[in-house]
$ cat query.pdb   # PDB, C-alpha atoms
ATOM      1  CA  MET Y  75     103.296 123.156 134.896
ATOM      2  CA  GLY Y  76     100.971 126.145 134.649
ATOM      3  CA  THR Y  77     103.651 128.249 132.996
ATOM      4  CA  ALA Y  78     104.311 125.540 130.406
ATOM      5  CA  LEU Y  79     100.603 125.140 129.626
ATOM      6  CA  SER Y  80     100.235 128.894 129.401
ATOM      7  CA  ALA Y  81     103.137 129.123 126.948
ATOM      8  CA  PHE Y  82     101.531 126.573 124.638
ATOM      9  CA  LEU Y  83      97.820 127.354 124.997
ATOM     10  CA  THR Y  84      97.482 131.106 125.477
ATOM     11  CA  HIS Y  85      98.098 132.153 121.887
ATOM     12  CA  PRO Y  86      95.664 129.669 120.249
ATOM     13  CA  LEU Y  87      92.882 130.359 122.749
ATOM     14  CA  VAL Y  88      93.198 134.143 122.601
ATOM     15  CA  ALA Y  89      93.446 134.024 118.793
ATOM     16  CA  VAL Y  90      90.137 132.120 118.626
ATOM     17  CA  LEU Y  91      88.466 134.618 120.949
ATOM     18  CA  MET Y  92      89.807 137.566 118.936
ATOM     19  CA  ARG Y  93      88.574 136.021 115.673
ATOM     20  CA  MET Y  94      85.106 135.749 117.216
ATOM     21  CA  GLU Y  95      85.247 139.495 117.909
ATOM     22  CA  GLY Y  96      86.452 140.359 114.407
ATOM     23  CA  ILE Y  97      90.200 140.698 114.933
ATOM     24  CA  SER Y  98      91.609 138.143 112.519
ATOM     25  CA  ASP Y  99      95.333 138.953 112.735
ATOM     26  CA  PHE Y 100      96.227 138.514 116.410
ATOM     27  CA  SER Y 101      99.876 137.915 117.263
ATOM     28  CA  SER Y 102     101.377 137.285 120.677
ATOM     29  CA  LYS Y 103     104.710 135.544 120.839
ATOM     30  CA  PRO Y 104     106.386 136.310 124.174
ATOM     31  CA  ASP Y 105     110.016 135.331 124.589
ATOM     32  CA  LEU Y 106     111.271 132.766 127.092
ATOM     33  CA  ALA Y 107     112.082 135.313 129.824
ATOM     34  CA  VAL Y 108     108.541 136.714 129.795
ATOM     35  CA  ALA Y 109     107.062 133.218 129.978
ATOM     36  CA  LEU Y 110     109.249 132.114 132.900
ATOM     37  CA  LEU Y 111     109.086 135.328 134.949
ATOM     38  CA  PRO Y 112     105.741 134.631 136.741
ATOM     39  CA  GLY Y 113     106.867 131.152 137.794
ATOM     40  CA  ALA Y 114     110.191 132.480 139.072
ATOM     41  CA  VAL Y 115     108.460 135.214 141.073
ATOM     42  CA  VAL Y 116     106.128 132.694 142.726
ATOM     43  CA  VAL Y 117     109.007 130.346 143.618
ATOM     44  CA  LEU Y 118     111.065 133.197 145.071
ATOM     45  CA  ALA Y 119     108.089 134.435 147.089
ATOM     46  CA  PHE Y 120     107.512 130.953 148.559
ATOM     47  CA  VAL Y 121     111.206 130.618 149.453
ATOM     48  CA  LEU Y 122     111.248 134.053 151.083
ATOM     49  CA  PHE Y 123     108.110 133.465 153.153
ATOM     50  CA  ALA Y 124     109.268 129.974 154.163
ATOM     51  CA  TYR Y 125     112.581 131.431 155.319
ATOM     52  CA  LEU Y 126     110.819 134.151 157.313
ATOM     53  CA  ALA Y 127     108.454 131.623 158.889
ATOM     54  CA  ALA Y 128     111.331 129.294 159.731
ATOM     55  CA  LYS Y 129     113.152 132.109 161.528
ATOM     56  CA  ARG Y 130     110.178 132.494 163.838
ATOM     57  CA  ILE Y 131     110.107 128.810 164.790
ATOM     58  CA  HIS Y 132     112.393 128.040 167.709
ATOM     59  CA  LYS Y 133     115.006 125.348 167.402
ATOM     60  CA  ILE Y 134     113.846 122.119 169.026
ATOM     61  CA  PRO Y 135     116.314 119.280 169.666
ATOM     62  CA  LEU Y 136     115.786 116.162 167.593
ATOM     63  CA  SER Y 137     115.519 113.997 170.715
ATOM     64  CA  VAL Y 138     112.449 115.954 171.832
ATOM     65  CA  LEU Y 139     110.800 115.570 168.435
ATOM     66  CA  ALA Y 140     111.586 111.850 168.315
ATOM     67  CA  GLY Y 141     110.077 111.336 171.780
ATOM     68  CA  GLU Y 142     106.711 112.707 170.734
TER      69      GLU Y 142
END
$ encode --input "query.pdb" --output "structure tokens"
Amino acid sequence: MGTALSAFLTHPLVAVLMRMEGISDFSSKPDLAVALLPGAVVVLAFVLFAYLAAKRIHKIPLSVLAGE
């Protein structure tokens, strides 16, 4: 959701700020890969750390978990 909002709102907001500073012709149009890269990196990092954390947790039988 943050990546989608960033793709739609970054250019207008930065353009307004640049106009306030005197730069009237500001252009930033990143392609789709650049817009999706931060989201993909975050998802991959979460998957990697979840996998590493899951390796450290010992296997517990379902019957033990259901009894608690």
$ resolve_selection --input "query.pdb" --expression "the PyMOL selection byres ((chain Y and resi 113-118) around 12)" --output "list in words"
Met75, Gly76, Thr77, Ala78, Leu79, Ser80, Ala81, Leu106, Ala107, Val108, Ala109, Leu110, Leu111, Pro112, Ala119, Phe120, Val121, Leu122, Phe123, Ala124 and Tyr125 of chain Y
$ write_last_selection --input "query.pdb" --atoms "C-alpha atoms" --output "PDB file, in the frame of the given file"
ATOM      1  CA  MET Y  75     103.296 123.156 134.896  1.00  0.00           C
ATOM      2  CA  GLY Y  76     100.971 126.145 134.649  1.00  0.00           C
ATOM      3  CA  THR Y  77     103.651 128.249 132.996  1.00  0.00           C
ATOM      4  CA  ALA Y  78     104.311 125.540 130.406  1.00  0.00           C
ATOM      5  CA  LEU Y  79     100.603 125.140 129.626  1.00  0.00           C
ATOM      6  CA  SER Y  80     100.235 128.894 129.401  1.00  0.00           C
ATOM      7  CA  ALA Y  81     103.137 129.123 126.948  1.00  0.00           C
ATOM      8  CA  LEU Y 106     111.271 132.766 127.092  1.00  0.00           C
ATOM      9  CA  ALA Y 107     112.082 135.313 129.824  1.00  0.00           C
ATOM     10  CA  VAL Y 108     108.541 136.714 129.795  1.00  0.00           C
ATOM     11  CA  ALA Y 109     107.062 133.218 129.978  1.00  0.00           C
ATOM     12  CA  LEU Y 110     109.249 132.114 132.900  1.00  0.00           C
ATOM     13  CA  LEU Y 111     109.086 135.328 134.949  1.00  0.00           C
ATOM     14  CA  PRO Y 112     105.741 134.631 136.741  1.00  0.00           C
ATOM     15  CA  ALA Y 119     108.089 134.435 147.089  1.00  0.00           C
ATOM     16  CA  PHE Y 120     107.512 130.953 148.559  1.00  0.00           C
ATOM     17  CA  VAL Y 121     111.206 130.618 149.453  1.00  0.00           C
ATOM     18  CA  LEU Y 122     111.248 134.053 151.083  1.00  0.00           C
ATOM     19  CA  PHE Y 123     108.110 133.465 153.153  1.00  0.00           C
ATOM     20  CA  ALA Y 124     109.268 129.974 154.163  1.00  0.00           C
ATOM     21  CA  TYR Y 125     112.581 131.431 155.319  1.00  0.00           C
TER      22      TYR Y 125
END
$ atom_distance --input "query.pdb" --atom1 "CA of Pro104 in chain Y" --atom2 "CA of Leu87 in chain Y"
14.8 Å
$ residues_around --input "query.pdb" --residues "Val88 in chain Y" --least-positions-apart "6" --cutoff "12 Å" --atoms "only C-alpha atoms" --output "compact mmCIF listing (two decimals) with C-alpha atoms, in the frame of the given file"
# COMPACT_ATOMS: atom_id res chain seq x y z
CA SER Y 80 100.24 128.89 129.40
CA ALA Y 81 103.14 129.12 126.95
CA PHE Y 82 101.53 126.57 124.64
CA MET Y 94 85.11 135.75 117.22
CA GLU Y 95 85.25 139.50 117.91
CA ILE Y 97 90.20 140.70 114.93
CA SER Y 98 91.61 138.14 112.52
CA ASP Y 99 95.33 138.95 112.74
CA PHE Y 100 96.23 138.51 116.41
CA SER Y 101 99.88 137.92 117.26
CA SER Y 102 101.38 137.28 120.68
CA LYS Y 103 104.71 135.54 120.84
$ atom_distance --input "query.pdb" --atom1 "CA of Ala127 in chain Y" --atom2 "CA of Ala140 in chain Y"
22.1 Å
$ decode --input "query.pdb" --residues "range 100-126 of chain Y" --atoms "N, CA, C and O atoms" --output "compact mmCIF listing (two decimals), in the first residue's frame"
# COMPACT_ATOMS: atom_id res chain seq x y z
N PHE Y 100 10.49 20.40 -12.46
CA PHE Y 100 10.96 19.19 -11.79
C PHE Y 100 10.31 17.98 -12.43
O PHE Y 100 9.10 17.94 -12.63
N SER Y 101 11.10 16.97 -12.78
CA SER Y 101 10.57 15.78 -13.40
C SER Y 101 11.15 14.54 -12.75
O SER Y 101 12.36 14.39 -12.67
N SER Y 102 10.27 13.69 -12.26
CA SER Y 102 10.70 12.40 -11.72
C SER Y 102 9.66 11.37 -12.09
O SER Y 102 8.56 11.36 -11.56
N LYS Y 103 9.98 10.53 -13.01
CA LYS Y 103 9.04 9.50 -13.45
C LYS Y 103 9.77 8.15 -13.43
O LYS Y 103 10.27 7.68 -14.44
N PRO Y 104 9.84 7.53 -12.24
CA PRO Y 104 10.52 6.23 -12.17
C PRO Y 104 9.70 5.14 -12.86
O PRO Y 104 8.47 5.21 -12.90
N ASP Y 105 10.39 4.15 -13.39
CA ASP Y 105 9.66 3.05 -14.04
C ASP Y 105 9.12 2.08 -12.99
O ASP Y 105 9.34 2.23 -11.80
N LEU Y 106 8.39 1.09 -13.43
CA LEU Y 106 7.70 0.16 -12.55
C LEU Y 106 8.68 -0.62 -11.67
O LEU Y 106 8.41 -0.85 -10.49
N ALA Y 107 9.81 -1.03 -12.22
CA ALA Y 107 10.78 -1.82 -11.45
C ALA Y 107 11.34 -1.01 -10.28
O ALA Y 107 11.50 -1.55 -9.17
N VAL Y 108 11.61 0.25 -10.50
CA VAL Y 108 12.14 1.11 -9.42
C VAL Y 108 11.08 1.33 -8.34
O VAL Y 108 11.39 1.38 -7.15
N ALA Y 109 9.83 1.41 -8.73
CA ALA Y 109 8.76 1.63 -7.76
C ALA Y 109 8.48 0.38 -6.93
O ALA Y 109 8.14 0.48 -5.75
N LEU Y 110 8.63 -0.80 -7.51
CA LEU Y 110 8.32 -2.04 -6.80
C LEU Y 110 9.51 -2.62 -6.04
O LEU Y 110 9.32 -3.49 -5.19
N LEU Y 111 10.70 -2.18 -6.33
CA LEU Y 111 11.90 -2.74 -5.70
C LEU Y 111 11.90 -2.62 -4.17
O LEU Y 111 12.16 -3.62 -3.49
N PRO Y 112 11.60 -1.48 -3.56
CA PRO Y 112 11.61 -1.41 -2.09
C PRO Y 112 10.61 -2.37 -1.44
O PRO Y 112 10.93 -3.02 -0.44
N GLY Y 113 9.43 -2.49 -2.00
CA GLY Y 113 8.44 -3.42 -1.45
C GLY Y 113 8.91 -4.87 -1.56
O GLY Y 113 8.73 -5.66 -0.63
N ALA Y 114 9.52 -5.22 -2.68
CA ALA Y 114 10.02 -6.58 -2.86
C ALA Y 114 11.15 -6.89 -1.89
O ALA Y 114 11.22 -8.00 -1.34
N VAL Y 115 12.02 -5.92 -1.64
CA VAL Y 115 13.12 -6.13 -0.70
C VAL Y 115 12.59 -6.35 0.71
O VAL Y 115 13.06 -7.23 1.44
N VAL Y 116 11.59 -5.59 1.11
CA VAL Y 116 11.02 -5.74 2.45
C VAL Y 116 10.35 -7.11 2.59
O VAL Y 116 10.53 -7.80 3.61
N VAL Y 117 9.59 -7.53 1.59
CA VAL Y 117 8.92 -8.83 1.65
C VAL Y 117 9.95 -9.95 1.73
O VAL Y 117 9.82 -10.88 2.53
N LEU Y 118 10.99 -9.89 0.91
CA LEU Y 118 12.03 -10.92 0.94
C LEU Y 118 12.76 -10.95 2.28
O LEU Y 118 13.08 -12.02 2.79
N ALA Y 119 13.00 -9.78 2.86
CA ALA Y 119 13.67 -9.73 4.16
C ALA Y 119 12.79 -10.37 5.24
O ALA Y 119 13.29 -11.14 6.07
N PHE Y 120 11.49 -10.09 5.24
CA PHE Y 120 10.59 -10.71 6.21
C PHE Y 120 10.55 -12.23 6.04
O PHE Y 120 10.57 -12.97 7.02
N VAL Y 121 10.49 -12.70 4.80
CA VAL Y 121 10.46 -14.14 4.55
C VAL Y 121 11.75 -14.79 5.04
O VAL Y 121 11.73 -15.84 5.69
N LEU Y 122 12.88 -14.17 4.75
CA LEU Y 122 14.17 -14.71 5.18
C LEU Y 122 14.27 -14.78 6.69
O LEU Y 122 14.65 -15.82 7.25
N PHE Y 123 13.93 -13.70 7.38
CA PHE Y 123 14.04 -13.70 8.84
C PHE Y 123 13.02 -14.63 9.49
O PHE Y 123 13.30 -15.25 10.51
N ALA Y 124 11.83 -14.77 8.90
CA ALA Y 124 10.85 -15.71 9.42
C ALA Y 124 11.35 -17.14 9.26
O ALA Y 124 11.18 -17.98 10.16
N TYR Y 125 11.97 -17.43 8.14
CA TYR Y 125 12.53 -18.77 7.91
C TYR Y 125 13.64 -19.06 8.91
O TYR Y 125 13.70 -20.14 9.50
N LEU Y 126 14.52 -18.09 9.13
CA LEU Y 126 15.61 -18.29 10.09
C LEU Y 126 15.08 -18.45 11.51
O LEU Y 126 15.60 -19.26 12.28
